[in-house]
file data_19.txt (compact mmCIF, C-alpha atoms)
# COMPACT_ATOMS: atom_id res chain seq x y z
CA MET A 1 -13.45 13.27 -5.87
CA ALA A 2 -14.06 16.98 -6.47
CA ALA A 3 -10.70 17.63 -8.14
CA ILE A 4 -11.29 14.89 -10.71
CA ASP A 5 -14.92 15.91 -11.28
CA SER A 6 -13.83 19.49 -11.94
CA GLY A 7 -11.47 18.36 -14.68
CA THR A 8 -8.43 20.05 -13.15
CA VAL A 9 -6.61 16.75 -12.60
CA THR A 10 -7.04 13.14 -13.68
CA GLY A 11 -7.24 10.10 -11.45
CA LEU A 12 -4.18 8.72 -13.22
CA ALA A 13 -2.18 11.84 -12.38
CA LEU A 14 -3.21 11.64 -8.72
CA MET A 15 -2.29 7.95 -8.58
CA GLU A 16 1.12 8.66 -10.12
CA ARG A 17 1.76 11.46 -7.61
CA ALA A 18 0.65 9.26 -4.73
CA GLY A 19 2.97 6.42 -5.72
CA ALA A 20 5.88 8.81 -6.25
CA GLY A 21 5.14 10.39 -2.86
CA VAL A 22 5.36 7.01 -1.14
CA VAL A 23 8.71 6.27 -2.79
CA ALA A 24 10.05 9.71 -1.80
CA SER A 25 8.84 9.24 1.80
CA PHE A 26 10.51 5.84 1.90
CA HIS A 27 13.85 7.34 0.88
CA THR A 28 13.43 10.07 3.51
CA ASN A 29 12.66 7.59 6.27
CA TRP A 30 15.27 4.98 5.29
CA PRO A 31 17.97 6.96 3.42
CA ALA A 32 20.49 4.12 3.51
CA LEU A 33 18.19 1.81 1.52
CA ARG A 34 18.78 2.91 -2.07
CA SER A 35 18.24 -0.49 -3.70
CA GLY A 36 17.33 -4.04 -2.74
CA SER A 37 14.25 -6.24 -2.87
CA ALA A 38 10.69 -5.18 -2.21
CA ARG A 39 7.33 -6.91 -1.82
CA ILE A 40 4.23 -4.90 -2.69
CA LEU A 41 0.81 -6.18 -1.56
CA CYS A 42 -1.75 -4.66 -3.96
CA GLY A 43 -5.46 -4.83 -3.21
CA PRO A 44 -8.40 -4.85 -5.63
CA GLY A 45 -9.03 -1.09 -5.63
CA ASN A 46 -7.23 2.19 -6.16
CA ASN A 47 -4.99 1.62 -3.13
CA GLY A 48 -3.66 -1.33 -5.10
CA GLY A 49 -3.23 1.03 -8.06
CA ASP A 50 -0.94 3.18 -5.91
CA GLY A 51 0.98 0.00 -5.15
CA PHE A 52 1.44 -0.74 -8.86
CA VAL A 53 2.92 2.73 -9.34
CA ILE A 54 5.28 2.18 -6.40
CA ALA A 55 6.36 -1.17 -7.83
CA ARG A 56 7.03 0.31 -11.26
CA LEU A 57 9.04 3.23 -9.87
CA LEU A 58 11.16 1.01 -7.63
CA HIS A 59 11.76 -1.46 -10.48
CA ALA A 60 12.88 1.40 -12.74
CA ASN A 61 15.44 2.31 -10.08
CA GLY A 62 16.98 -1.16 -9.99
CA TRP A 63 14.95 -2.81 -7.24
CA GLN A 64 13.91 -6.45 -7.38
CA VAL A 65 10.16 -6.26 -6.89
CA GLN A 66 7.58 -8.92 -6.08
CA VAL A 67 4.01 -7.76 -6.69
CA VAL A 68 1.25 -9.72 -4.96
CA THR A 69 -2.27 -8.97 -6.20
CA PHE A 70 -5.73 -9.72 -4.85
CA GLY A 71 -8.68 -9.84 -7.24
CA HIS A 72 -8.82 -10.33 -11.01
CA PRO A 73 -7.02 -7.59 -13.02
CA ASP A 74 -10.06 -7.14 -15.28
CA GLN A 75 -12.13 -6.13 -12.25
CA LEU A 76 -9.75 -3.38 -11.11
CA PRO A 77 -10.92 0.25 -11.30
CA GLN A 78 -9.85 1.85 -14.58
CA ASP A 79 -6.84 3.80 -13.28
CA ALA A 80 -5.57 0.89 -11.21
CA ARG A 81 -5.95 -1.44 -14.20
CA HIS A 82 -3.97 0.99 -16.36
CA ASN A 83 -1.09 0.90 -13.89
CA PHE A 84 -1.33 -2.87 -13.56
CA ASN A 85 -0.92 -3.13 -17.34
CA ARG A 86 2.21 -0.97 -17.16
CA LEU A 87 4.02 -3.42 -14.90
CA ALA A 88 6.98 -5.11 -16.57
CA MET A 89 7.55 -7.78 -13.94
CA PRO A 90 6.01 -11.04 -12.76
CA VAL A 91 2.87 -10.76 -10.64
CA ALA A 92 1.78 -13.30 -8.02
CA ASP A 93 -1.88 -14.03 -7.29
CA GLY A 94 -2.22 -13.69 -3.53
CA ALA A 95 -5.23 -16.00 -3.47
CA THR A 96 -3.32 -18.97 -4.90
CA THR A 97 0.30 -18.22 -3.95
CA PRO A 98 1.16 -19.36 -0.40
CA PRO A 99 2.60 -16.48 1.64
CA THR A 100 6.21 -16.89 2.69
CA GLN A 101 8.37 -15.13 5.22
CA PHE A 102 9.89 -12.05 3.60
CA ASP A 103 13.62 -11.56 4.02
CA GLY A 104 13.98 -8.59 1.70
CA ASP A 105 14.39 -4.87 2.32
CA LEU A 106 10.97 -3.25 1.91
CA SER A 107 7.38 -4.44 2.37
CA VAL A 108 4.46 -2.28 1.25
CA ASP A 109 0.83 -2.68 2.36
CA ALA A 110 -1.22 -1.24 -0.51
CA MET A 111 -4.19 -3.53 0.00
CA PHE A 112 -6.96 -1.24 1.26
CA GLY A 113 -7.16 2.48 1.92
CA THR A 114 -9.39 4.78 3.93
CA GLY A 115 -12.67 3.66 2.34
CA LEU A 116 -12.61 0.20 3.94
CA THR A 117 -15.65 -0.42 6.15
CA ARG A 118 -15.76 -4.23 6.32
CA PRO A 119 -13.29 -6.52 8.05
CA ILE A 120 -10.53 -8.24 6.10
CA SER A 121 -11.50 -11.82 6.83
CA ASP A 122 -10.29 -13.55 3.67
CA PRO A 123 -7.72 -16.13 4.89
CA ALA A 124 -5.24 -15.46 2.06
CA MET A 125 -5.34 -11.69 2.57
CA ALA A 126 -5.00 -12.13 6.32
CA SER A 127 -1.98 -14.41 5.88
CA TRP A 128 -0.17 -11.97 3.61
CA LEU A 129 -0.89 -9.09 6.01
CA HIS A 130 0.48 -11.24 8.83
CA CYS A 131 3.73 -11.62 6.87
CA HIS A 132 3.92 -7.83 6.49
CA ASP A 133 3.28 -7.41 10.23
CA ARG A 134 6.01 -9.90 11.15
CA PHE A 135 8.46 -8.17 8.82
CA CYS A 136 7.70 -4.85 10.53
CA ALA A 137 8.02 -6.39 14.00
CA ALA A 138 11.46 -7.71 13.04
CA GLY A 139 12.61 -4.17 12.25
CA GLY A 140 12.13 -4.24 8.49
CA ALA A 141 11.18 -1.21 6.41
CA ALA A 142 7.40 -1.62 6.27
CA ILE A 143 5.09 0.98 4.72
CA ALA A 144 1.31 1.35 4.69
CA VAL A 145 -0.21 3.31 1.81
CA ASP A 146 -2.83 5.79 3.10
CA ILE A 147 -3.67 3.78 6.25
CA PRO A 148 -2.83 0.27 7.49
CA SER A 149 -5.23 -2.20 5.89
CA GLY A 150 -7.91 -3.21 8.38
CA LEU A 151 -7.75 0.01 10.43
CA ASP A 152 -10.83 2.24 10.52
CA ALA A 153 -9.85 5.67 9.19
CA ASP A 154 -12.40 7.45 11.38
CA SER A 155 -12.08 5.74 14.76
CA GLY A 156 -8.52 4.44 14.60
CA ARG A 157 -9.69 1.02 15.75
CA VAL A 158 -9.03 -2.25 13.99
CA LEU A 159 -12.28 -3.23 12.28
CA GLN A 160 -13.98 -5.94 14.33
CA GLY A 161 -12.87 -9.37 13.17
CA SER A 162 -10.36 -7.94 10.69
CA ALA A 163 -6.75 -8.75 9.99
CA CYS A 164 -4.55 -5.67 10.33
CA ALA A 165 -0.82 -5.15 9.89
CA ARG A 166 1.53 -2.71 11.56
CA SER A 167 3.88 -0.53 9.54
CA GLY A 168 6.85 1.57 10.57
CA LEU A 169 5.77 4.32 8.16
CA THR A 170 2.34 5.30 6.89
CA VAL A 171 2.14 7.65 3.91
CA THR A 172 -1.19 9.38 3.46
CA PHE A 173 -2.31 12.01 0.98
CA HIS A 174 -3.62 15.57 1.23
CA ARG A 175 -4.31 15.48 4.97
CA ALA A 176 -4.26 13.13 7.95
CA LYS A 177 -7.35 11.16 8.95
CA PRO A 178 -8.61 10.88 12.54
CA GLY A 179 -7.77 7.18 12.59
CA HIS A 180 -4.08 7.94 12.20
CA TYR A 181 -4.10 9.48 15.68
CA LEU A 182 -6.92 7.80 17.59
CA ALA A 183 -7.13 4.47 19.48
CA ASP A 184 -4.98 1.82 17.75
CA GLY A 185 -3.88 4.22 15.02
CA PRO A 186 -0.46 5.30 16.30
CA GLU A 187 0.55 1.71 17.11
CA PHE A 188 -0.32 0.44 13.63
CA CYS A 189 0.71 3.51 11.61
CA GLY A 190 4.19 4.15 13.00
CA THR A 191 5.61 7.41 11.64
CA LEU A 192 3.08 9.39 9.61
CA HIS A 193 4.05 11.27 6.44
CA ILE A 194 1.46 13.49 4.72
CA VAL A 195 2.08 13.94 1.00
CA GLY A 196 0.50 16.66 -1.08
CA ILE A 197 -0.74 15.40 -4.45
CA GLY A 198 -2.31 18.59 -5.75
CA LEU A 199 -5.80 18.39 -4.28

call {"tool": "encode", "arguments": {"input": "data_19.txt", "output": "C-alpha cells"}}
result
Amino acid sequence: MAAIDSGTVTGLALMERAGAGVVASFHTNWPALRSGSARILCGPGNNGGDGFVIARLLHANGWQVQVVTFGHPDQLPQDARHNFNRLAMPVADGATTPPTQFDGDLSVDAMFGTGLTRPISDPAMASWLHCHDRFCAAGGAAIAVDIPSGLDADSGRVLQGSACARSGLTVTFHRAKPGHYLADGPEFCGTLHIVGIGL
C-alpha cells in the first residue's frame, strides 16, 4: 500500500482506524444498540485483524464478545497478529468449534476482504458464514467489513462455488469498489458506508 510504503502511516494505525470506523458506522446504523452481545468472525488475513480491533473496542465498551478465528495465530500477518495478541477475551477456533445459531445483537463478517480471488469452500468457514447470513435474514444487525466474504470486489458476483453471506451494513475504507454496486453486490452488501482512514 502506497501510504504505508511512503512511511506516512503504519499498517497498525490504518487497522485501528478501520476497526474504529466500523464501530462508529454500527452505532450510526443501529443507534439503539449501545451494548449487548456480539460475534466477530475473523479470517486469516488483515480483514481478520480489523475484526480483532472491532472486538477489542466493543469489549472495552461493555459488550460481551465472541471471537471466532480461522487459521493459526502464528500465521497471521504481523499487524493482525499484534491485534490478536491484544485481545483480552476467549477466542474460539472456527475449524474445531461447531457453529451455532446466534441469538445475540451483532454479527460481524471480518473473514475476507477485497483481495479474495478464490472461492470459500472450506466447510467450517461456509457453515459460520451461513450462520451470519441467517442472522441477517432474521433482521439482526449484521456487518461485513470491507465487502461480504465470498463476493468478488470487481464484478460484484459471488465467486463460483463460494459460500457468501449477506449483511445489512457493509463498511468499506477509502472508496467504494465496483463489486459493491454491480450484480449481486447490493443484495449482499445492504447499506454501504465508506469510511476514510487517512489514505

call {"tool": "residues_near_point", "arguments": {"input": "data_19.txt", "point": "(8.9, -6.6, -6.6)", "cutoff": "12 Å", "atoms": "all atoms listed in the file", "output": "ChimeraX atom specification"}}
result
/A:35-42,51-69,87-92,102,104-108

call {"tool": "residues_near_point", "arguments": {"input": "data_19.txt", "point": "(-1.6, -12.9, 6.6)", "cutoff": "12 Å", "atoms": "all atoms listed in the file", "output": "ChimeraX atom specification"}}
result
/A:41,94-95,97-102,109,111,120-135,149-150,162-166

call {"tool": "write_last_selection", "arguments": {"input": "data_19.txt", "atoms": "C-alpha atoms", "output": "mmCIF file, in the coordinates of the input"}}
result
data_model
loop_
_atom_site.group_PDB
_atom_site.id
_atom_site.type_symbol
_atom_site.label_atom_id
_atom_site.label_comp_id
_atom_site.auth_asym_id
_atom_site.auth_seq_id
_atom_site.Cartn_x
_atom_site.Cartn_y
_atom_site.Cartn_z
ATOM 1 C CA LEU A 41 0.810 -6.180 -1.560
ATOM 2 C CA GLY A 94 -2.220 -13.690 -3.530
ATOM 3 C CA ALA A 95 -5.230 -16.000 -3.470
ATOM 4 C CA THR A 97 0.300 -18.220 -3.950
ATOM 5 C CA PRO A 98 1.160 -19.360 -0.400
ATOM 6 C CA PRO A 99 2.600 -16.480 1.640
ATOM 7 C CA THR A 100 6.210 -16.890 2.690
ATOM 8 C CA GLN A 101 8.370 -15.130 5.220
ATOM 9 C CA PHE A 102 9.890 -12.050 3.600
ATOM 10 C CA ASP A 109 0.830 -2.680 2.360
ATOM 11 C CA MET A 111 -4.190 -3.530 0.000
ATOM 12 C CA ILE A 120 -10.530 -8.240 6.100
ATOM 13 C CA SER A 121 -11.500 -11.820 6.830
ATOM 14 C CA ASP A 122 -10.290 -13.550 3.670
ATOM 15 C CA PRO A 123 -7.720 -16.130 4.890
ATOM 16 C CA ALA A 124 -5.240 -15.460 2.060
ATOM 17 C CA MET A 125 -5.340 -11.690 2.570
ATOM 18 C CA ALA A 126 -5.000 -12.130 6.320
ATOM 19 C CA SER A 127 -1.980 -14.410 5.880
ATOM 20 C CA TRP A 128 -0.170 -11.970 3.610
ATOM 21 C CA LEU A 129 -0.890 -9.090 6.010
ATOM 22 C CA HIS A 130 0.480 -11.240 8.830
ATOM 23 C CA CYS A 131 3.730 -11.620 6.870
ATOM 24 C CA HIS A 132 3.920 -7.830 6.490
ATOM 25 C CA ASP A 133 3.280 -7.410 10.230
ATOM 26 C CA ARG A 134 6.010 -9.900 11.150
ATOM 27 C CA PHE A 135 8.460 -8.170 8.820
ATOM 28 C CA SER A 149 -5.230 -2.200 5.890
ATOM 29 C CA GLY A 150 -7.910 -3.210 8.380
ATOM 30 C CA SER A 162 -10.360 -7.940 10.690
ATOM 31 C CA ALA A 163 -6.750 -8.750 9.990
ATOM 32 C CA CYS A 164 -4.550 -5.670 10.330
ATOM 33 C CA ALA A 165 -0.820 -5.150 9.890
ATOM 34 C CA ARG A 166 1.530 -2.710 11.560
#

call {"tool": "atom_distance", "arguments": {"input": "data_19.txt", "atom1": "atom CA of Gly156 of chain A", "atom2": "atom CA of Thr117 of chain A"}}
result
12.1 Å

call {"tool": "closest_residue", "arguments": {"input": "data_19.txt", "among": "A:Leu192, A:Leu116, A:Ile197, A:Ala20", "to": "Asp154 of chain A", "atoms": "all atoms listed in the file"}}
result
A:Leu116

call {"tool": "closest_residue", "arguments": {"input": "data_19.txt", "among": "A:Leu14, A:Leu182, A:Val171, A:Leu76", "to": "Ala153 of chain A", "atoms": "all atoms listed in the file"}}
result
A:Leu182

call {"tool": "closest_residue", "arguments": {"input": "data_19.txt", "among": "A:Ile194, A:Ala110, A:Leu169, A:Leu199", "to": "Gly11 of chain A", "atoms": "only C-alpha atoms"}}
result
A:Leu199

call {"tool": "atom_distance", "arguments": {"input": "data_19.txt", "atom1": "atom CA of Thr170 of chain A", "atom2": "atom CA of Ile143 of chain A"}}
result
5.6 Å

call {"tool": "axis_aligned_box", "arguments": {"input": "data_19.txt", "around": "segment 35-39 of chain A", "padding_each_side": "3 Å", "output": "JSON"}}
result
{"center_x": 12.8, "center_y": -3.7, "center_z": -2.8, "size_x": 16.9, "size_y": 12.4, "size_z": 7.9}

call {"tool": "atom_distance", "arguments": {"input": "data_19.txt", "atom1": "atom CA of Val9 of chain A", "atom2": "atom CA of Val23 of chain A"}}
result
21.0 Å

call {"tool": "closest_residue", "arguments": {"input": "data_19.txt", "among": "A:Asp103, A:Val195, A:Cys189, A:Pro44", "to": "Pro77 of chain A", "atoms": "all atoms listed in the file"}}
result
A:Pro44

call {"tool": "closest_residue", "arguments": {"input": "data_19.txt", "among": "A:Ala80, A:Gly71, A:Ser167, A:Gly198", "to": "Ala142 of chain A", "atoms": "only C-alpha atoms"}}
result
A:Ser167

call {"tool": "closest_residue", "arguments": {"input": "data_19.txt", "among": "A:Gly115, A:Thr96, A:Trp30, A:Asp74", "to": "Gly139 of chain A", "atoms": "all atoms listed in the file"}}
result
A:Trp30
